[in-house]
file query-v7.cif (mmCIF, C-alpha atoms)
data_start
loop_
_atom_site.label_atom_id
_atom_site.label_comp_id
_atom_site.auth_asym_id
_atom_site.auth_seq_id
_atom_site.Cartn_x
_atom_site.Cartn_y
_atom_site.Cartn_z
CA MET A 1 108.75 92.73 96.93
CA GLN A 2 109.76 93.60 100.48
CA LYS A 3 109.49 91.09 103.31
CA LEU A 4 106.49 91.45 105.60
CA LYS A 5 107.85 91.45 109.15
CA ARG A 6 105.13 93.12 111.24
CA ILE A 7 101.71 91.54 110.84
CA GLY A 8 98.35 92.62 112.21
CA LEU A 9 95.85 89.82 112.84
CA THR A 10 92.06 90.03 112.79
CA VAL A 11 89.40 87.38 112.47
CA LYS A 12 85.70 86.72 111.99
CA PRO A 13 84.29 86.99 115.55
CA TYR A 14 82.22 83.78 115.44
CA LEU A 15 84.62 81.63 113.48
CA THR A 16 84.16 77.87 113.70
CA GLU A 17 87.18 76.07 115.17
CA LYS A 18 88.52 79.50 116.04
CA GLU A 19 91.21 78.50 118.54
CA GLU A 20 92.63 75.76 116.32
CA THR A 21 92.59 77.94 113.18
CA ILE A 22 94.34 80.91 114.80
CA GLU A 23 96.91 78.73 116.53
CA ARG A 24 97.71 77.07 113.21
CA LEU A 25 98.13 80.37 111.36
CA LEU A 26 100.00 82.00 114.22
CA THR A 27 102.57 79.19 114.18
CA LEU A 28 103.08 79.67 110.42
CA VAL A 29 103.60 83.42 110.80
CA ARG A 30 105.89 83.26 113.81
CA ASN A 31 108.05 80.56 112.19
CA THR A 32 109.06 83.20 109.60
CA GLY A 33 110.29 85.48 112.38
CA ALA A 34 107.49 88.00 111.87
CA GLU A 35 106.03 89.93 114.79
CA VAL A 36 102.26 89.69 115.30
CA PHE A 37 99.88 92.35 116.67
CA ILE A 38 96.33 91.25 117.41
CA ASP A 39 92.89 92.81 117.07
CA ARG A 40 91.97 91.97 120.67
CA LYS A 41 88.27 92.84 120.28
CA ASN A 42 87.76 89.92 117.91
CA LEU A 43 90.38 87.62 119.44
CA GLU A 44 89.71 88.01 123.18
CA ASP A 45 88.32 84.46 123.39
CA VAL A 46 91.41 82.89 121.76
CA ARG A 47 93.84 81.68 124.42
CA CYS A 48 96.94 81.31 122.23
CA VAL A 49 97.17 85.07 121.50
CA HIS A 50 96.70 86.45 125.01
CA LEU A 51 100.37 87.34 125.45
CA LEU A 52 100.75 89.03 122.07
CA PRO A 53 100.81 92.85 121.74
CA GLN A 54 97.58 94.58 120.79
CA LEU A 55 97.06 96.33 117.46
CA GLU A 56 96.81 99.98 118.53
CA ASP A 57 96.29 103.08 116.37
CA ASP A 58 99.96 104.04 116.65
CA ILE A 59 101.25 100.57 115.68
CA VAL A 60 102.66 100.39 112.15
CA VAL A 61 102.33 97.01 110.41
CA ASP A 62 103.47 95.77 107.02
CA ALA A 63 100.26 93.82 106.36
CA MET A 64 96.99 92.71 107.93
CA LEU A 65 96.23 88.99 108.07
CA VAL A 66 92.44 88.67 107.80
CA VAL A 67 90.81 85.33 108.60
CA GLY A 68 87.15 84.88 107.67
CA GLY A 69 84.81 85.44 104.74
CA ASP A 70 84.01 88.40 102.52
CA GLY A 71 82.15 90.16 105.34
CA THR A 72 85.25 90.08 107.53
CA ILE A 73 87.36 91.43 104.66
CA LEU A 74 84.90 94.28 104.04
CA ARG A 75 84.92 95.17 107.73
CA SER A 76 88.72 95.05 107.87
CA VAL A 77 89.06 97.42 104.90
CA ARG A 78 86.67 99.88 106.53
CA GLU A 79 88.63 99.77 109.81
CA LEU A 80 92.05 100.38 108.21
CA LYS A 81 93.76 103.51 109.50
CA ASP A 82 96.34 103.46 106.68
CA PHE A 83 95.33 102.27 103.21
CA ARG A 84 98.96 101.64 102.31
CA VAL A 85 98.73 98.49 104.45
CA PRO A 86 97.79 95.48 102.28
CA LEU A 87 95.55 92.62 103.37
CA ILE A 88 96.52 88.93 103.35
CA THR A 89 93.21 87.11 103.24
CA VAL A 90 92.50 83.54 104.40
CA ASN A 91 89.02 82.21 103.68
CA LYS A 92 87.00 80.69 106.51
CA GLY A 93 83.64 81.89 105.23
CA VAL A 94 81.04 80.54 102.81
CA VAL A 95 82.15 81.82 99.37
CA GLY A 96 85.17 83.95 100.16
CA PHE A 97 85.25 85.57 96.73
CA LEU A 98 87.68 88.25 97.92
CA ALA A 99 89.93 85.86 99.82
CA GLU A 100 93.28 84.74 98.38
CA LEU A 101 94.06 81.58 100.38
CA SER A 102 92.22 78.65 101.83
CA LEU A 103 93.44 77.45 105.22
CA GLU A 104 95.15 74.50 103.53
CA GLU A 105 96.89 76.76 100.97
CA ALA A 106 98.14 78.98 103.79
CA GLU A 107 100.28 76.07 105.04
CA THR A 108 102.60 76.44 102.04
CA MET A 109 101.89 79.92 100.65
CA LEU A 110 101.81 82.15 103.73
CA SER A 111 105.52 81.83 104.53
CA LYS A 112 106.37 82.56 100.88
CA MET A 113 104.23 85.70 100.89
CA LEU A 114 105.81 86.97 104.09
CA ALA A 115 109.23 86.36 102.53
CA GLY A 116 108.35 88.70 99.64
CA GLU A 117 106.89 86.33 97.02
CA TYR A 118 103.72 88.22 96.23
CA VAL A 119 102.15 90.94 94.12
CA ILE A 120 99.88 93.79 95.26
CA GLU A 121 96.42 94.08 93.74
CA GLU A 122 94.59 97.39 94.15
CA ARG A 123 90.81 97.72 94.32
CA THR A 124 88.91 100.99 94.00
CA MET A 125 86.59 102.18 96.77
CA LEU A 126 83.74 104.69 96.83
CA SER A 127 83.20 107.64 99.14
CA VAL A 128 79.56 108.04 100.14
CA GLU A 129 77.90 110.98 101.85
CA VAL A 130 74.35 111.95 102.71
CA LEU A 131 73.32 115.58 102.24
CA ARG A 132 70.30 116.85 104.15
CA ARG A 133 69.33 120.42 103.29
CA LYS A 134 72.76 120.70 101.62
CA LYS A 135 74.65 119.74 104.80
CA THR A 136 76.59 116.48 105.17
CA VAL A 137 74.97 114.38 107.90
CA PHE A 138 76.68 111.06 107.19
CA SER A 139 79.75 109.78 105.34
CA GLY A 140 81.46 106.46 104.79
CA LEU A 141 83.31 104.35 102.26
CA VAL A 142 82.62 101.08 100.52
CA LEU A 143 84.62 98.40 98.76
CA ASN A 144 81.53 96.69 97.32
CA GLU A 145 78.48 98.92 97.13
CA ALA A 146 76.15 101.55 98.52
CA ALA A 147 72.50 100.48 98.38
CA ILE A 148 69.47 102.74 98.75
CA SER A 149 66.37 100.69 99.47
CA GLN A 150 62.87 100.77 100.92
CA GLY A 151 62.29 99.25 104.33
CA ASN A 152 59.16 98.16 106.14
CA ILE A 153 56.55 98.69 103.43
CA ALA A 154 56.68 96.97 100.04
CA ARG A 155 56.22 100.14 98.06
CA LEU A 156 58.37 101.54 95.28
CA LEU A 157 60.71 104.49 95.71
CA ASP A 158 61.36 107.37 93.35
CA LEU A 159 65.10 108.04 93.21
CA ARG A 160 66.12 110.96 91.01
CA THR A 161 69.65 110.25 89.86
CA SER A 162 72.21 112.40 88.07
CA VAL A 163 75.77 111.80 86.88
CA ASN A 164 78.13 114.80 86.90
CA ASN A 165 75.08 117.09 87.28
CA ASN A 166 73.46 115.55 84.19
CA THR A 167 70.07 113.95 84.82
CA LEU A 168 70.16 110.20 84.20
CA ALA A 169 66.79 108.88 85.40
CA THR A 170 64.24 108.87 88.17
CA TYR A 171 64.27 105.23 89.18
CA HIS A 172 60.84 103.92 90.18
CA ALA A 173 62.07 100.81 91.96
CA ASP A 174 62.68 99.02 95.24
CA GLY A 175 66.02 100.78 95.35
CA LEU A 176 69.34 101.49 93.65
CA ILE A 177 72.77 99.89 94.04
CA ILE A 178 75.90 101.93 93.27
CA ALA A 179 78.77 99.45 93.08
CA THR A 180 82.49 99.24 92.42
CA PRO A 181 83.88 96.63 90.00
CA THR A 182 84.72 94.58 93.10
CA GLY A 183 81.07 94.82 94.16
CA SER A 184 79.84 93.83 90.70
CA THR A 185 79.97 90.17 91.83
CA ALA A 186 78.03 90.82 95.04
CA TYR A 187 74.59 92.43 95.61
CA SER A 188 74.63 94.13 92.20
CA LEU A 189 75.03 90.77 90.45
CA ALA A 190 72.12 89.31 92.45
CA ALA A 191 69.99 92.26 91.30
CA GLY A 192 70.82 91.62 87.64
CA GLY A 193 73.87 93.82 87.21
CA PRO A 194 76.89 93.01 85.00
CA VAL A 195 80.18 91.51 86.09
CA VAL A 196 82.95 94.12 85.71
CA HIS A 197 86.64 93.30 85.92
CA PRO A 198 88.11 94.81 89.13
CA ARG A 199 90.98 96.51 87.27
CA LEU A 200 88.57 98.82 85.46
CA SER A 201 87.89 102.32 86.73
CA ALA A 202 84.11 102.23 86.75
CA MET A 203 80.90 102.44 88.75
CA ILE A 204 77.84 100.26 88.22
CA LEU A 205 74.33 101.61 88.79
CA THR A 206 71.87 98.75 89.23
CA PRO A 207 68.19 99.45 90.00
CA ILE A 208 66.49 96.94 92.31
CA ASN A 209 63.28 95.58 90.78
CA PRO A 210 62.56 98.66 88.63
CA HIS A 211 58.97 99.17 87.50
CA SER A 212 60.14 99.93 83.97
CA LEU A 213 61.55 97.92 81.08
CA THR A 214 63.90 100.80 80.20
CA GLN A 215 65.63 101.17 83.57
CA LYS A 216 68.50 98.74 83.28
CA PRO A 217 71.94 98.56 84.92
CA ILE A 218 74.52 100.95 83.52
CA VAL A 219 78.33 101.13 83.79
CA ILE A 220 79.78 104.64 84.00
CA PRO A 221 83.35 106.05 84.27
CA GLY A 222 84.93 105.72 87.69
CA GLU A 223 85.68 109.44 87.98
CA SER A 224 81.96 110.26 87.85
CA VAL A 225 80.00 111.87 90.68
CA VAL A 226 76.60 110.25 91.22
CA GLU A 227 73.86 112.04 93.14
CA THR A 228 70.59 110.34 94.04
CA GLU A 229 67.76 112.29 95.68
CA VAL A 230 65.06 110.46 97.60
CA GLN A 231 61.84 111.96 96.29
CA LYS A 232 59.22 113.00 98.82
CA HIS A 233 55.79 111.42 98.75
CA GLU A 234 52.53 113.08 99.61
CA GLU A 235 51.80 110.37 102.18
CA GLY A 236 54.94 111.27 104.13
CA PHE A 237 55.11 107.98 106.02
CA LEU A 238 57.42 106.52 103.40
CA ASP A 239 60.17 109.04 104.11
CA THR A 240 61.36 107.37 107.32
CA ARG A 241 61.48 103.91 105.75
CA VAL A 242 64.26 104.48 103.26
CA SER A 243 67.76 103.31 104.14
CA LEU A 244 71.32 103.57 102.88
CA THR A 245 73.43 100.47 103.48
CA LEU A 246 77.20 100.37 102.96
CA ASP A 247 78.68 96.97 102.06
CA GLY A 248 75.75 95.29 103.81
CA GLN A 249 77.19 96.31 107.19
CA VAL A 250 76.66 100.02 107.89
CA TYR A 251 73.12 101.43 107.95
CA GLU A 252 71.83 105.01 107.76
CA GLN A 253 68.17 106.01 107.67
CA LEU A 254 67.20 108.46 104.94
CA SER A 255 64.39 110.99 104.67
CA GLY A 256 62.59 112.50 101.72
CA GLY A 257 64.77 115.15 100.07
CA ASP A 258 68.05 113.56 101.20
CA VAL A 259 70.75 113.34 98.54
CA VAL A 260 73.23 110.46 98.46
CA ARG A 261 76.44 111.55 96.74
CA VAL A 262 78.91 108.90 95.59
CA ARG A 263 82.35 109.34 94.06
CA MET A 264 85.56 107.35 93.81
CA HIS A 265 87.65 107.39 96.99
CA GLU A 266 91.12 108.86 96.62
CA GLU A 267 92.71 105.73 98.17
CA THR A 268 92.58 102.11 97.05
CA ALA A 269 92.32 98.92 99.09
CA LYS A 270 95.39 96.74 98.61
CA PHE A 271 95.56 92.95 98.67
CA VAL A 272 98.51 90.58 98.81
CA ARG A 273 98.14 88.06 95.96
CA ARG A 274 100.19 85.11 94.75
CA GLU A 275 100.04 86.25 91.14
CA HIS A 276 98.49 88.87 88.91
CA ASP A 277 94.85 88.58 87.87
CA LYS A 278 93.15 85.50 89.32
CA PHE A 279 89.74 87.07 88.69
CA TYR A 280 88.69 84.57 86.02
CA HIS A 281 89.82 81.66 88.18
CA ALA A 282 87.70 83.04 91.05
CA LEU A 283 84.68 83.35 88.74
CA ARG A 284 85.00 79.72 87.71
CA THR A 285 85.75 78.19 91.10
CA LYS A 286 83.69 80.34 93.46
CA LEU A 287 80.75 81.46 91.33
CA ARG A 288 80.73 78.37 89.07
CA TRP A 289 80.92 80.72 86.09
CA GLY A 290 79.93 79.14 82.78
CA GLU A 291 78.97 75.75 84.22
CA ARG A 292 76.05 73.87 82.73
CA ILE A 293 73.19 73.09 85.08
#

call {"tool": "encode", "arguments": {"input": "query-v7.cif", "output": "structure tokens"}}
result
Amino acid sequence: MQKLKRIGLTVKPYLTEKEETIERLLTLVRNTGAEVFIDRKNLEDVRCVHLLPQLEDDIVVDAMLVVGGDGTILRSVRELKDFRVPLITVNKGVVGFLAELSLEEAETMLSKMLAGEYVIEERTMLSVEVLRRKKTVFSGLVLNEAAISQGNIARLLDLRTSVNNNTLATYHADGLIIATPTGSTAYSLAAGGPVVHPRLSAMILTPINPHSLTQKPIVIPGESVVETEVQKHEEGFLDTRVSLTLDGQVYEQLSGGDVVRVRMHEETAKFVRREHDKFYHALRTKLRWGERI
């Protein structure tokens, strides 16, 4: 693989030991001769980067070095201007399921990756839009999931859902999660959904606390188009308490009659990895998969 010579740097804003961590990683990167461009918004309180050039829209980098947990990685993917740019991920979060390196591993592995010793892993993303009276009023993308859920009042929603214009079900539930294989180990898993290998082209539909024994999670082909309509209620007050949340970070309020349309994004998110397919290792080490209690 090609050497990575121009590196963007972003970080979790409230990282513990932030100055020491960034200084440590910055030394490793600069010792390889690579040039570093910083995300100043999230690094303005770090003294050791003040003289480095800022990562602007017109700056072309070979990779983004992302320091933090899964939330920081999800935010960094969403903020990418060019999806050809891969992410090098260093975990400083709680679980860090998406991260490739610990801070200790970065001491030996980061210089090797920048020198070209790596593989690229691609992860599918989903495009999400909200249609109100057939007009798009909101759009976004997700690496993990789009979740439709009820808000202030503990009352079930009716979510009429179709796949490729074929009626699937009207979910009578607290909500519905539409996830990628990457997101199958996140919110969808907590709601009872299956684990799906990230190399598969698929979407997972997982109802949240459905009031039915027949409404279970389902895995559908990745090229599908899913449409979910928020059903109106006679009471009316429920309509303003339904929300769409993207990757747990972006929020949009929904009204009765709104349609959430989800399809696979034409681009993929790319990650720099040490080797092909460490998914099973991550399941064992980070989710304690298969361990006896």

call {"tool": "residues_around", "arguments": {"input": "query-v7.cif", "residues": "stretch 27-40 of chain A", "least_positions_apart": "5", "cutoff": "6 Å", "atoms": "all atoms listed in the file", "output": "ChimeraX atom specification"}}
result
/A:5-10,53-55

call {"tool": "closest_atom_pairs", "arguments": {"input": "query-v7.cif", "of": "stretch 25-113 of chain A", "to": "stretch 248-263 of chain A", "cutoff": "10 Å", "atoms": "all atoms listed in the file", "output": "Markdown table"}}
result
| residue | atom | partner | partner_atom | distance |
| --- | --- | --- | --- | --- |
| A:Gly71 | CA | A:Gln249 | CA | 8.1 |
| A:Leu74 | CA | A:Gln249 | CA | 8.6 |
| A:Arg75 | CA | A:Gln249 | CA | 7.8 |

call {"tool": "residues_around", "arguments": {"input": "query-v7.cif", "residues": "A:Leu283", "least_positions_apart": "4", "cutoff": "10 Å", "atoms": "only C-alpha atoms", "output": "compact mmCIF listing (two decimals) with C-alpha atoms, in the coordinates of the input"}}
result
# COMPACT_ATOMS: atom_id res chain seq x y z
CA PHE A 97 85.25 85.57 96.73
CA THR A 185 79.97 90.17 91.83
CA VAL A 195 80.18 91.51 86.09
CA LYS A 278 93.15 85.50 89.32
CA PHE A 279 89.74 87.07 88.69
CA LEU A 287 80.75 81.46 91.33
CA ARG A 288 80.73 78.37 89.07
CA TRP A 289 80.92 80.72 86.09
CA GLY A 290 79.93 79.14 82.78

call {"tool": "closest_residue", "arguments": {"input": "query-v7.cif", "among": "A:Val225, A:Glu145, A:Val137, A:Thr214", "to": "A:Val163", "atoms": "all atoms listed in the file"}}
result
A:Val225

call {"tool": "residues_around", "arguments": {"input": "query-v7.cif", "residues": "A:Arg47", "least_positions_apart": "5", "cutoff": "10 Å", "atoms": "only C-alpha atoms", "output": "PyMOL selection string"}}
result
chain A and resi 19+22-23

call {"tool": "resolve_selection", "arguments": {"input": "query-v7.cif", "expression": "the PyMOL selection byres ((chain A and resi 109-124) around 6)", "output": "list in words"}}
result
Met1, Gln2, Lys3, Leu4, Glu105, Ala106, Thr108, Met125, Thr268, Ala269, Lys270, Phe271, Val272, Arg273, Arg274 and Glu275 of chain A

call {"tool": "residues_around", "arguments": {"input": "query-v7.cif", "residues": "A:Thr228", "least_positions_apart": "6", "cutoff": "12 Å", "atoms": "all atoms listed in the file", "output": "PyMOL selection string"}}
result
chain A and resi 128-131+146-149+157-171+175-178+205+207+244+254+256-263

call {"tool": "atom_distance", "arguments": {"input": "query-v7.cif", "atom1": "atom CA of A:Ile88", "atom2": "atom CA of A:Ile73"}}
result
9.6 Å

call {"tool": "resolve_selection", "arguments": {"input": "query-v7.cif", "expression": "the PyMOL selection byres ((chain A and resi 46) around 12)", "output": "ChimeraX atom specification"}}
result
/A:10-23,26,38-45,47-52

call {"tool": "closest_residue", "arguments": {"input": "query-v7.cif", "among": "A:Leu87, A:Val94, A:Val61, A:Ile204", "to": "A:Asn144", "atoms": "all atoms listed in the file"}}
result
A:Ile204

call {"tool": "closest_residue", "arguments": {"input": "query-v7.cif", "among": "A:Asp70, A:Asp247, A:Asp277, A:Glu56", "to": "A:His197", "atoms": "only C-alpha atoms"}}
result
A:Asp277

call {"tool": "atom_distance", "arguments": {"input": "query-v7.cif", "atom1": "atom CA of A:His281", "atom2": "atom CA of A:Ala99"}}
result
12.4 Å

call {"tool": "atom_distance", "arguments": {"input": "query-v7.cif", "atom1": "atom CA of A:Ser127", "atom2": "atom CA of A:Pro194"}}
result
21.3 Å

call {"tool": "closest_residue", "arguments": {"input": "query-v7.cif", "among": "A:Arg155, A:Gly140, A:Lys134, A:Leu246", "to": "A:Ala179", "atoms": "only C-alpha atoms"}}
result
A:Leu246

call {"tool": "closest_residue", "arguments": {"input": "query-v7.cif", "among": "A:Lys135, A:His172, A:Lys81, A:Arg24", "to": "A:Glu104", "atoms": "only C-alpha atoms"}}
result
A:Arg24

call {"tool": "residues_around", "arguments": {"input": "query-v7.cif", "residues": "A:Ala191", "least_positions_apart": "5", "cutoff": "8 Å", "atoms": "all atoms listed in the file", "output": "mmCIF file with C-alpha atoms, keeping the file's coordinate frame"}}
result
data_model
loop_
_atom_site.group_PDB
_atom_site.id
_atom_site.type_symbol
_atom_site.label_atom_id
_atom_site.label_comp_id
_atom_site.auth_asym_id
_atom_site.auth_seq_id
_atom_site.Cartn_x
_atom_site.Cartn_y
_atom_site.Cartn_z
ATOM 1 C CA THR A 206 71.870 98.750 89.230
ATOM 2 C CA PRO A 207 68.190 99.450 90.000
ATOM 3 C CA ILE A 208 66.490 96.940 92.310
ATOM 4 C CA ASN A 209 63.280 95.580 90.780
#

call {"tool": "closest_residue", "arguments": {"input": "query-v7.cif", "among": "A:Met64, A:Leu189, A:Val196, A:Leu98", "to": "A:Phe83", "atoms": "only C-alpha atoms"}}
result
A:Met64

call {"tool": "residues_near_point", "arguments": {"input": "query-v7.cif", "point": "(83.4, 106.0, 87.3)", "cutoff": "9 Å", "atoms": "all atoms listed in the file", "output": "list in words"}}
result
Thr180, Ser201, Ala202, Met203, Ile204, Val219, Ile220, Pro221, Gly222, Glu223, Ser224, Val225, Val226, Arg263 and Met264 of chain A
